[in-house]
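**Q** My structure is in data_28.cif, and what it holds is mmCIF, C-alpha atoms:
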```
data_run
#
loop_
_atom_site.label_atom_id
_atom_site.label_comp_id
_atom_site.auth_asym_id
_atom_site.auth_seq_id
_atom_site.Cartn_x
_atom_site.Cartn_y
_atom_site.Cartn_z
CA MET F 404 0.20 12.93 -1.68
CA GLU F 405 2.02 15.64 -3.60
CA LEU F 406 1.94 13.34 -6.66
CA MET F 407 -1.85 13.16 -6.31
CA SER F 408 -2.04 16.94 -6.13
CA GLN F 409 -0.01 17.18 -9.31
CA MET F 410 -2.23 14.58 -10.98
CA LYS F 411 -5.34 16.65 -10.29
CA MET F 412 -3.84 19.61 -12.13
CA ALA F 413 -2.42 17.32 -14.80
CA ARG F 414 -5.85 15.90 -15.56
CA PHE F 415 -7.13 19.39 -16.28
CA LEU F 416 -4.14 20.15 -18.52
CA THR F 417 -4.70 16.94 -20.49
CA PHE F 418 -8.36 17.82 -20.85
CA TRP F 419 -7.47 21.15 -22.46
CA ILE F 420 -4.87 19.56 -24.77
CA GLN F 421 -7.39 16.98 -25.97
CA ILE F 422 -9.86 19.70 -26.85
CA ARG F 423 -7.24 21.59 -28.82
CA LYS F 424 -6.66 18.43 -30.84
CA ASN F 425 -10.40 18.23 -31.58
CA LYS F 426 -10.52 15.08 -29.49
CA PRO F 427 -13.59 14.96 -27.18
CA LEU F 428 -12.80 13.90 -23.64
CA ASP F 429 -16.11 12.20 -22.99
CA GLU F 430 -18.91 11.44 -25.41
CA SER F 431 -21.48 11.97 -22.69
CA ARG F 432 -20.55 15.66 -22.55
CA LYS F 433 -22.74 17.22 -25.18
CA THR F 434 -21.44 20.75 -24.83
CA ASP F 435 -20.20 23.13 -27.44
CA GLN F 436 -16.49 22.50 -28.11
CA THR F 437 -15.69 26.17 -28.68
CA SER F 438 -17.20 27.12 -25.32
CA TRP F 439 -15.25 24.39 -23.56
CA THR F 440 -12.04 25.55 -25.29
CA LYS F 441 -12.55 29.14 -24.17
CA MET F 442 -13.37 27.98 -20.65
CA ALA F 443 -10.32 25.71 -20.49
CA PHE F 444 -8.00 28.36 -21.88
CA SER F 445 -9.23 30.94 -19.38
CA GLN F 446 -8.61 28.44 -16.57
CA LEU F 447 -5.07 27.81 -17.79
CA VAL F 448 -4.35 31.53 -17.72
CA ILE F 449 -5.68 31.83 -14.17
CA ILE F 450 -3.73 28.72 -13.10
CA TYR F 451 -0.55 30.30 -14.45
CA VAL F 452 -1.21 33.57 -12.62
CA ILE F 453 -2.01 31.80 -9.35
CA SER F 454 1.07 29.60 -9.68
CA LYS F 455 3.27 32.64 -10.23
CA ARG F 456 1.73 34.44 -7.26
CA THR F 457 1.92 31.46 -4.91
CA SER F 458 5.19 29.85 -6.05
CA LYS F 459 7.11 31.89 -3.49
CA TYR F 460 5.42 29.90 -0.72
CA SER F 461 7.27 26.79 -1.86
CA PHE F 462 10.51 28.47 -0.86
CA PHE F 463 9.50 29.20 2.70
CA ILE F 464 11.46 27.39 5.38
CA ASN F 465 8.57 25.80 7.29
CA LEU F 466 4.80 25.46 7.45
CA ARG F 467 4.37 28.35 9.87
CA SER F 468 5.63 30.80 7.24
CA SER F 469 2.97 29.70 4.73
CA SER F 470 -0.07 30.21 6.96
CA ILE F 471 -1.74 32.64 4.53
CA ILE F 472 -1.92 30.16 1.71
CA GLN F 473 -3.19 27.47 4.10
CA LEU F 474 -6.07 29.74 5.12
CA MET F 475 -6.84 30.29 1.45
CA LYS F 476 -6.77 26.51 0.93
CA VAL F 477 -9.40 25.95 3.65
CA VAL F 478 -11.67 28.61 2.15
CA MET F 479 -11.36 27.03 -1.29
CA LEU F 480 -12.15 23.57 0.12
CA ASN F 481 -15.39 24.83 1.61
CA SER F 482 -16.21 26.79 -1.54
CA TYR F 483 -15.89 24.08 -4.19
CA SER F 484 -17.49 21.37 -2.04
CA THR F 485 -20.46 23.65 -1.34
CA ILE F 486 -20.77 24.40 -5.06
CA ALA F 487 -20.71 20.67 -5.81
CA TRP F 488 -23.57 19.62 -3.52
CA THR F 489 -25.74 22.71 -3.97
CA ALA F 490 -25.45 22.50 -7.77
CA SER F 491 -26.34 18.80 -7.56
CA ILE F 492 -29.52 19.70 -5.67
CA HIS F 493 -30.31 22.39 -8.25
CA LYS F 494 -29.84 19.92 -11.10
CA GLY F 495 -32.30 17.59 -9.43
CA LEU F 496 -32.85 13.86 -9.41
CA GLN F 497 -31.90 12.34 -12.76
CA GLU F 498 -34.21 10.17 -14.84
CA ASN F 499 -33.81 6.42 -14.52
CA VAL F 500 -31.30 6.86 -11.69
CA GLN F 501 -29.94 3.58 -10.38
CA TYR F 502 -28.31 2.87 -7.02
CA GLY F 503 -27.20 -0.70 -7.60
CA TYR F 504 -23.63 -1.96 -7.72
CA LYS F 505 -21.56 -1.22 -10.81
CA GLY F 506 -20.00 -4.67 -10.66
CA THR F 507 -21.56 -7.28 -12.93
CA ASN F 508 -20.73 -10.11 -10.52
CA PRO F 509 -19.98 -10.54 -6.80
CA SER F 510 -16.19 -10.66 -7.26
CA GLU F 511 -16.11 -7.39 -9.21
CA THR F 512 -18.33 -5.75 -6.61
CA THR F 513 -15.99 -6.93 -3.85
CA PHE F 514 -12.90 -5.54 -5.58
CA ASN F 515 -14.66 -2.22 -6.17
CA PHE F 516 -15.47 -2.13 -2.46
CA PHE F 517 -11.81 -2.71 -1.59
CA ASN F 518 -10.78 0.12 -3.91
CA ALA F 519 -13.38 2.42 -2.33
CA LEU F 520 -11.92 1.68 1.11
CA GLY F 521 -8.56 2.90 -0.16
CA ASP F 522 -10.16 6.08 -1.51
CA VAL F 523 -11.65 6.83 1.92
CA ALA F 524 -8.34 6.07 3.65
CA PHE F 525 -6.57 8.41 1.24
CA ALA F 526 -9.09 11.21 1.83
CA TYR F 527 -8.75 11.12 5.61
CA ALA F 528 -5.00 10.51 5.88
CA GLY F 529 -2.72 13.16 7.29
CA HIS F 530 0.10 11.32 8.99
CA ASN F 531 3.04 12.71 7.03
CA VAL F 532 2.57 16.31 8.13
CA VAL F 533 1.20 15.96 11.66
CA LEU F 534 4.61 16.14 13.36
CA GLU F 535 5.72 18.94 11.04
CA ILE F 536 2.61 20.95 11.93
CA GLN F 537 2.94 20.33 15.68
CA ALA F 538 6.60 21.36 15.54
CA THR F 539 5.52 24.85 14.45
CA ILE F 540 3.21 25.30 17.45
CA PRO F 541 4.80 27.09 20.47
CA SER F 542 5.19 24.67 23.37
CA THR F 543 6.16 25.18 27.01
CA PRO F 544 5.92 22.89 30.05
CA GLU F 545 3.00 25.00 31.28
CA LYS F 546 1.25 25.05 27.88
CA PRO F 547 2.35 22.03 25.82
CA SER F 548 1.58 21.99 22.12
CA LYS F 549 -0.51 18.82 22.38
CA GLY F 550 -3.49 20.86 23.65
CA PRO F 551 -3.98 23.17 20.66
CA MET F 552 -2.83 20.38 18.34
CA TRP F 553 -5.62 18.09 19.55
CA ARG F 554 -8.22 20.84 19.18
CA GLY F 555 -6.91 21.64 15.71
CA VAL F 556 -7.10 18.01 14.59
CA VAL F 557 -10.67 17.64 15.87
CA VAL F 558 -11.80 20.85 14.14
CA ALA F 559 -9.97 19.87 10.94
CA TYR F 560 -11.68 16.50 10.66
CA ILE F 561 -15.08 18.03 11.44
CA VAL F 562 -14.57 20.56 8.63
CA VAL F 563 -13.43 17.83 6.24
CA ALA F 564 -16.46 15.70 7.12
CA LEU F 565 -18.83 18.64 6.62
CA CYS F 566 -17.28 19.24 3.19
CA TYR F 567 -17.03 15.64 1.96
CA PHE F 568 -20.17 13.93 3.25
CA PRO F 569 -22.73 16.28 1.64
CA VAL F 570 -20.93 15.94 -1.71
CA ALA F 571 -20.84 12.14 -1.46
CA LEU F 572 -24.40 11.62 -0.21
CA ILE F 573 -26.18 14.24 -2.30
CA GLY F 574 -24.13 13.52 -5.42
CA TYR F 575 -24.89 9.82 -5.21
CA TYR F 576 -28.57 10.44 -4.48
CA MET F 577 -28.98 12.74 -7.51
CA PHE F 578 -26.90 10.80 -10.08
CA GLY F 579 -26.84 7.25 -8.71
CA ASN F 580 -24.05 4.91 -9.75
CA ASP F 581 -23.50 6.95 -12.94
CA VAL F 582 -21.95 9.79 -10.99
CA ALA F 583 -18.44 10.60 -12.22
CA ASP F 584 -15.37 10.39 -9.98
CA ASN F 585 -15.41 14.18 -10.15
CA VAL F 586 -19.03 15.22 -9.54
CA LEU F 587 -18.39 18.50 -11.37
CA ILE F 588 -18.18 16.47 -14.60
CA SER F 589 -21.65 15.07 -13.97
CA LEU F 590 -23.06 18.55 -13.44
CA GLU F 591 -22.03 19.88 -16.90
CA LYS F 592 -24.02 23.11 -16.42
CA PRO F 593 -23.93 25.96 -15.56
CA LYS F 594 -20.49 26.21 -17.12
CA TRP F 595 -19.48 29.38 -15.30
CA LEU F 596 -20.11 27.67 -11.97
CA ILE F 597 -18.05 24.65 -13.01
CA VAL F 598 -15.24 27.02 -14.02
CA ALA F 599 -15.36 28.68 -10.60
CA ALA F 600 -15.43 25.34 -8.75
CA ASN F 601 -12.48 24.01 -10.77
CA MET F 602 -10.50 27.13 -10.01
CA PHE F 603 -11.21 26.65 -6.31
CA VAL F 604 -9.94 23.06 -6.66
CA VAL F 605 -6.73 24.29 -8.31
CA ILE F 606 -6.09 26.83 -5.53
CA HIS F 607 -6.82 24.16 -2.92
CA VAL F 608 -4.38 21.75 -4.58
CA ILE F 609 -1.67 24.42 -4.69
CA GLY F 610 -2.12 24.97 -0.95
CA SER F 611 -2.15 21.24 -0.22
CA TYR F 612 1.06 20.74 -2.14
CA GLN F 613 2.89 23.18 0.13
CA ILE F 614 1.83 21.18 3.21
CA TYR F 615 2.48 17.66 1.98
CA ALA F 616 5.71 18.43 0.16
CA MET F 617 7.31 20.36 3.02
CA PRO F 618 8.69 17.26 4.84
CA VAL F 619 10.08 15.97 1.54
CA PHE F 620 11.71 19.33 0.82
CA ASP F 621 13.25 19.30 4.29
CA MET F 622 14.54 15.74 3.87
CA ILE F 623 16.13 16.46 0.47
CA GLU F 624 17.79 19.67 1.63
CA THR F 625 19.08 18.03 4.84
CA LEU F 626 20.60 15.21 2.78
CA LEU F 627 22.29 17.64 0.40
CA VAL F 628 23.70 19.78 3.20
CA LYS F 629 24.82 17.08 5.66
CA GLN F 630 25.78 14.23 3.34
CA LEU F 631 26.88 16.00 0.16
CA ASN F 632 28.23 19.15 1.87
CA PHE F 633 26.16 21.67 -0.09
CA LYS F 634 26.02 25.15 1.38
CA PRO F 635 22.55 25.91 2.79
CA SER F 636 21.19 28.85 0.84
CA TRP F 637 18.16 30.21 -0.97
CA ILE F 638 19.69 29.05 -4.28
CA LEU F 639 19.87 25.44 -3.07
CA ARG F 640 16.27 25.60 -1.87
CA PHE F 641 15.18 27.11 -5.19
CA PHE F 642 16.73 24.50 -7.47
CA THR F 643 15.96 21.42 -5.35
CA ARG F 644 12.30 22.32 -5.01
CA ILE F 645 11.89 23.34 -8.64
CA ILE F 646 13.40 20.04 -9.81
CA TYR F 647 11.26 18.01 -7.41
CA VAL F 648 8.04 19.76 -8.45
CA ALA F 649 8.92 19.37 -12.14
CA LEU F 650 9.60 15.63 -11.75
CA THR F 651 6.38 14.95 -9.87
CA MET F 652 4.44 17.01 -12.40
CA PHE F 653 5.92 14.98 -15.27
CA VAL F 654 5.05 11.68 -13.58
CA ALA F 655 1.52 12.93 -12.82
CA ILE F 656 0.94 13.85 -16.47
CA CYS F 657 2.23 10.47 -17.63
CA LEU F 658 0.00 8.34 -15.39
CA PRO F 659 -3.57 7.91 -16.67
CA PHE F 660 -4.91 5.72 -13.83
CA PHE F 661 -5.69 8.29 -11.16
CA GLY F 662 -8.62 6.45 -9.53
CA GLY F 663 -6.74 3.18 -9.13
CA LEU F 664 -3.76 4.92 -7.58
CA LEU F 665 -5.96 6.57 -4.96
CA GLY F 666 -7.17 3.19 -3.72
CA PHE F 667 -3.74 1.58 -3.94
CA PHE F 668 -1.80 4.27 -2.07
CA GLY F 669 -4.67 4.89 0.33
CA GLY F 670 -4.27 1.34 1.61
CA PHE F 671 -0.60 0.58 0.97
CA ALA F 672 0.97 3.85 2.14
CA PHE F 673 -1.52 5.78 4.24
CA ALA F 674 -3.38 3.03 6.11
CA PRO F 675 -0.40 1.79 8.15
CA THR F 676 1.12 5.18 8.96
CA THR F 677 -2.21 6.82 9.72
CA TYR F 678 -4.48 4.15 11.16
CA PHE F 679 -2.51 1.50 13.04
CA LEU F 680 1.19 2.33 13.44
CA PRO F 681 0.36 5.28 15.75
CA CYS F 682 -1.72 2.89 17.87
CA ILE F 683 1.21 0.46 18.10
CA MET F 684 3.53 3.28 19.18
CA TRP F 685 1.01 4.50 21.77
CA LEU F 686 0.70 1.01 23.25
CA ALA F 687 4.50 0.63 23.36
CA ILE F 688 4.96 3.99 25.10
CA HIS F 689 2.06 4.07 27.58
CA LYS F 690 1.66 0.33 28.19
CA PRO F 691 -2.01 0.45 29.27
CA LYS F 692 -3.54 -2.32 31.33
CA ARG F 693 -4.53 -5.37 29.29
CA PHE F 694 -8.18 -5.51 28.25
CA SER F 695 -8.78 -1.97 29.46
CA LEU F 696 -10.86 0.35 27.24
CA SER F 697 -7.85 2.12 25.72
CA TRP F 698 -6.02 -1.19 25.17
CA CYS F 699 -9.01 -2.75 23.40
CA THR F 700 -9.71 0.39 21.35
CA ASN F 701 -6.14 0.57 20.06
CA TRP F 702 -6.06 -3.12 19.17
CA ILE F 703 -9.34 -2.79 17.29
CA CYS F 704 -7.85 0.10 15.31
CA ILE F 705 -4.72 -1.95 14.63
CA PHE F 706 -6.79 -4.87 13.35
CA LEU F 707 -9.00 -2.68 11.14
CA GLY F 708 -6.01 -0.73 9.84
CA LEU F 709 -4.17 -3.96 8.99
CA CYS F 710 -7.19 -5.24 7.08
CA LEU F 711 -7.39 -1.93 5.24
CA MET F 712 -3.69 -2.10 4.33
CA ILE F 713 -4.15 -5.58 2.84
CA LEU F 714 -7.51 -5.20 1.08
CA ALA F 715 -7.40 -1.66 -0.37
CA PRO F 716 -4.22 -2.13 -2.47
CA ILE F 717 -5.71 -5.34 -3.90
CA GLY F 718 -8.76 -3.42 -5.11
CA GLY F 719 -6.70 -0.51 -6.48
CA LEU F 720 -4.18 -2.75 -8.24
CA ARG F 721 -6.93 -4.90 -9.72
CA ASN F 722 -8.66 -1.75 -11.01
CA ILE F 723 -5.44 -0.63 -12.71
CA ILE F 724 -4.77 -4.05 -14.27
CA LYS F 725 -8.36 -4.45 -15.45
CA ASN F 726 -8.36 -1.12 -17.29
CA ALA F 727 -4.73 -1.30 -18.42
CA SER F 728 -5.70 -2.07 -22.02
CA HIS F 729 -7.56 1.25 -22.25
CA TYR F 730 -4.78 3.36 -20.76
CA LYS F 731 -2.60 5.64 -22.87
CA PHE F 732 0.19 7.68 -21.40
CA PHE F 733 -0.35 11.44 -21.56
CA ASP F 734 -4.06 10.69 -22.19
#
```
Would you kindly transcribe this structure into structure tokens?

**A**
Amino acid sequence: MELMSQMKMARFLTFWIQIRKNKPLDESRKTDQTSWTKMAFSQLVIIYVISKRTSKYSFFINLRSSSIIQLMKVVMLNSYSTIAWTASIHKGLQENVQYGYKGTNPSETTFNFFNALGDVAFAYAGHNVVLEIQATIPSTPEKPSKGPMWRGVVVAYIVVALCYFPVALIGYYMFGNDVADNVLISLEKPKWLIVAANMFVVIHVIGSYQIYAMPVFDMIETLLVKQLNFKPSWILRFFTRIIYVALTMFVAICLPFFGGLLGFFGGFAFAPTTYFLPCIMWLAIHKPKRFSLSWCTNWICIFLGLCLMILAPIGGLRNIIKNASHYKFFD
């Protein structure tokens, strides 16, 4: 997930570099190149300032100590998603809009559907930080942490749904199957609003990175201290995290197939650990009565999650292979 966060910022950086080389990113964007250059440069400056101001959060010990930036992340999520669907309404229904499948034949349509399943699985996954988050919640026998954790998860998914569904439904209705992966690209104007929305995305990604990378940071530092006998200190935390962020950023800039990776990792990595392995563990621990409601519900989730794990990576990998001839690293 942290690689995906880096790739979102990397795509913006590549966009700015291409403009500086007088190389248009997309022929469909008929905007003035000088205006786009100024806009991109101003965003880079703001990204740098935000990164400098928020980098200290990467060196906090746990998620509880970075609660401020997580609140900022939630506000940014609501802000840029609201901008996306309200600006789509303002732009209005496009001429000759089409809602048919992009695939030219049934097999291509099927593979695109598999890839889309992986995108949805990726968007709603959260397995790798759930235990880390619950560990920061105070828990006593009288007031166990599972109560507030359950309420938090329910509220979180409601907020995510309220942010994502309007963007998906309204964006598709206004632009049809020509809508870009990033709906802000389809909007084009007003440019100042697109600048603001992109900045909200950047701040949101910075906040997300702190959450999803925290278990990795903890694993690396534990390995260095216990296995390699490094002394636990702020200096160790500083260098290990800086090196990890730099490596993931480099890989994110190199890889040009962002959309295909979403579908692939959504099914291959997130589907099992989010959608059916927890159900298997619950069945093993609680051992509900066979054919009871909870037993049937969990087995249905296991079956659907297994199908998702098999089908989504096929669609994502096929998408990458199909477009491989057009890919250029650092492009």

**Q** Quick one: pull the distance between atom CA of F:Val478 and atom CA of F:Pro541, Å, one decimal.

**A**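 These two atoms are separated by 24.7 Å.
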
**Q** How many Å lie between atom CA of F:Leu714 and atom CA of F:Phe517, rounded to one decimal?

**A** 5.6 Å

**Q** Could you check which of F:Leu480, F:Thr489, F:Ile688, F:Tyr576 is closest to F:Val562, using only C-alpha atoms?

**A** F:Leu480

**Q** Around all of stretch 493-506 of chain F's listed atoms, make the axis-aligned box with 8 Å on each side and tell me centre and edge lengths in Å to one decimal, as lines of an AutoDock Vina configuration file.

**A**
```
center_x = -27.1
center_y = 8.9
center_z = -10.9
size_x = 30.2
size_y = 43.1
size_z = 23.8
```

**Q** Could you name the residues that touch F:Ala524 at 12 Å or less, counting only C-alpha atoms, but leaving out those on the same chain fewer than 5 positions away, as a ChimeraX atom specification?

**A** /F:517-519,529-530,665-679,707-708,710-712,714-716

**Q** Could you check which of F:Lys476, F:Arg640, F:Lys549, F:Lys592 is closest to F:His493, using only C-alpha atoms?

**A**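 The answer is F:Lys592, which sits nearest to F:His493.
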
**Q** Between F:Val500, F:Val533, F:Ala600, F:Ala526, which one has atoms that come closest to F:Tyr483, using only C-alpha atoms?

**A**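 For F:Tyr483, the nearest of the given residues is F:Ala600.
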
**Q** Would you mind reading off the distance between atom CA of F:Ala571 and atom CA of F:Trp488, one decimal, in Å?

**A**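 Atom CA of F:Trp488 lies at a distance of 8.2 Å from atom CA of F:Ala571.
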
**Q** Let me know the residues the PyMOL selection byres ((chain F and resi 572) around 12) catches in the file above, as a ChimeraX atom specification.

**A** /F:487-489,491-492,502,564-571,573-580,582,586

**Q** List the residues matched by the PyMOL selection byres ((chain F and resi 477) around 10) in the displayed structure as a PyMOL selection string, ordered by chain and then by residue number.

**A** chain F and resi 472-476+478-482+559+562-563+606-607+610-611

**Q** Save the residues we just selected, C-alpha atoms, as a PDB file, keeping the file's coordinate frame?

**A**
```
ATOM      1  CA  ILE F 472      -1.920  30.160   1.710  1.00  0.00           C
ATOM      2  CA  GLN F 473      -3.190  27.470   4.100  1.00  0.00           C
ATOM      3  CA  LEU F 474      -6.070  29.740   5.120  1.00  0.00           C
ATOM      4  CA  MET F 475      -6.840  30.290   1.450  1.00  0.00           C
ATOM      5  CA  LYS F 476      -6.770  26.510   0.930  1.00  0.00           C
ATOM      6  CA  VAL F 478     -11.670  28.610   2.150  1.00  0.00           C
ATOM      7  CA  MET F 479     -11.360  27.030  -1.290  1.00  0.00           C
ATOM      8  CA  LEU F 480     -12.150  23.570   0.120  1.00  0.00           C
ATOM      9  CA  ASN F 481     -15.390  24.830   1.610  1.00  0.00           C
ATOM     10  CA  SER F 482     -16.210  26.790  -1.540  1.00  0.00           C
ATOM     11  CA  ALA F 559      -9.970  19.870  10.940  1.00  0.00           C
ATOM     12  CA  VAL F 562     -14.570  20.560   8.630  1.00  0.00           C
ATOM     13  CA  VAL F 563     -13.430  17.830   6.240  1.00  0.00           C
ATOM     14  CA  ILE F 606      -6.090  26.830  -5.530  1.00  0.00           C
ATOM     15  CA  HIS F 607      -6.820  24.160  -2.920  1.00  0.00           C
ATOM     16  CA  GLY F 610      -2.120  24.970  -0.950  1.00  0.00           C
ATOM     17  CA  SER F 611      -2.150  21.240  -0.220  1.00  0.00           C
TER      18      SER F 611
END
```

**Q** Do you know which residues are at most 10 Å from F:Tyr504 counting only C-alpha atoms, after dropping those on the same chain fewer than 4 positions away, and could you put them as a VMD selection string?

**A** chain F and resid 508 to 509 511 to 513 515 to 516 579 to 580
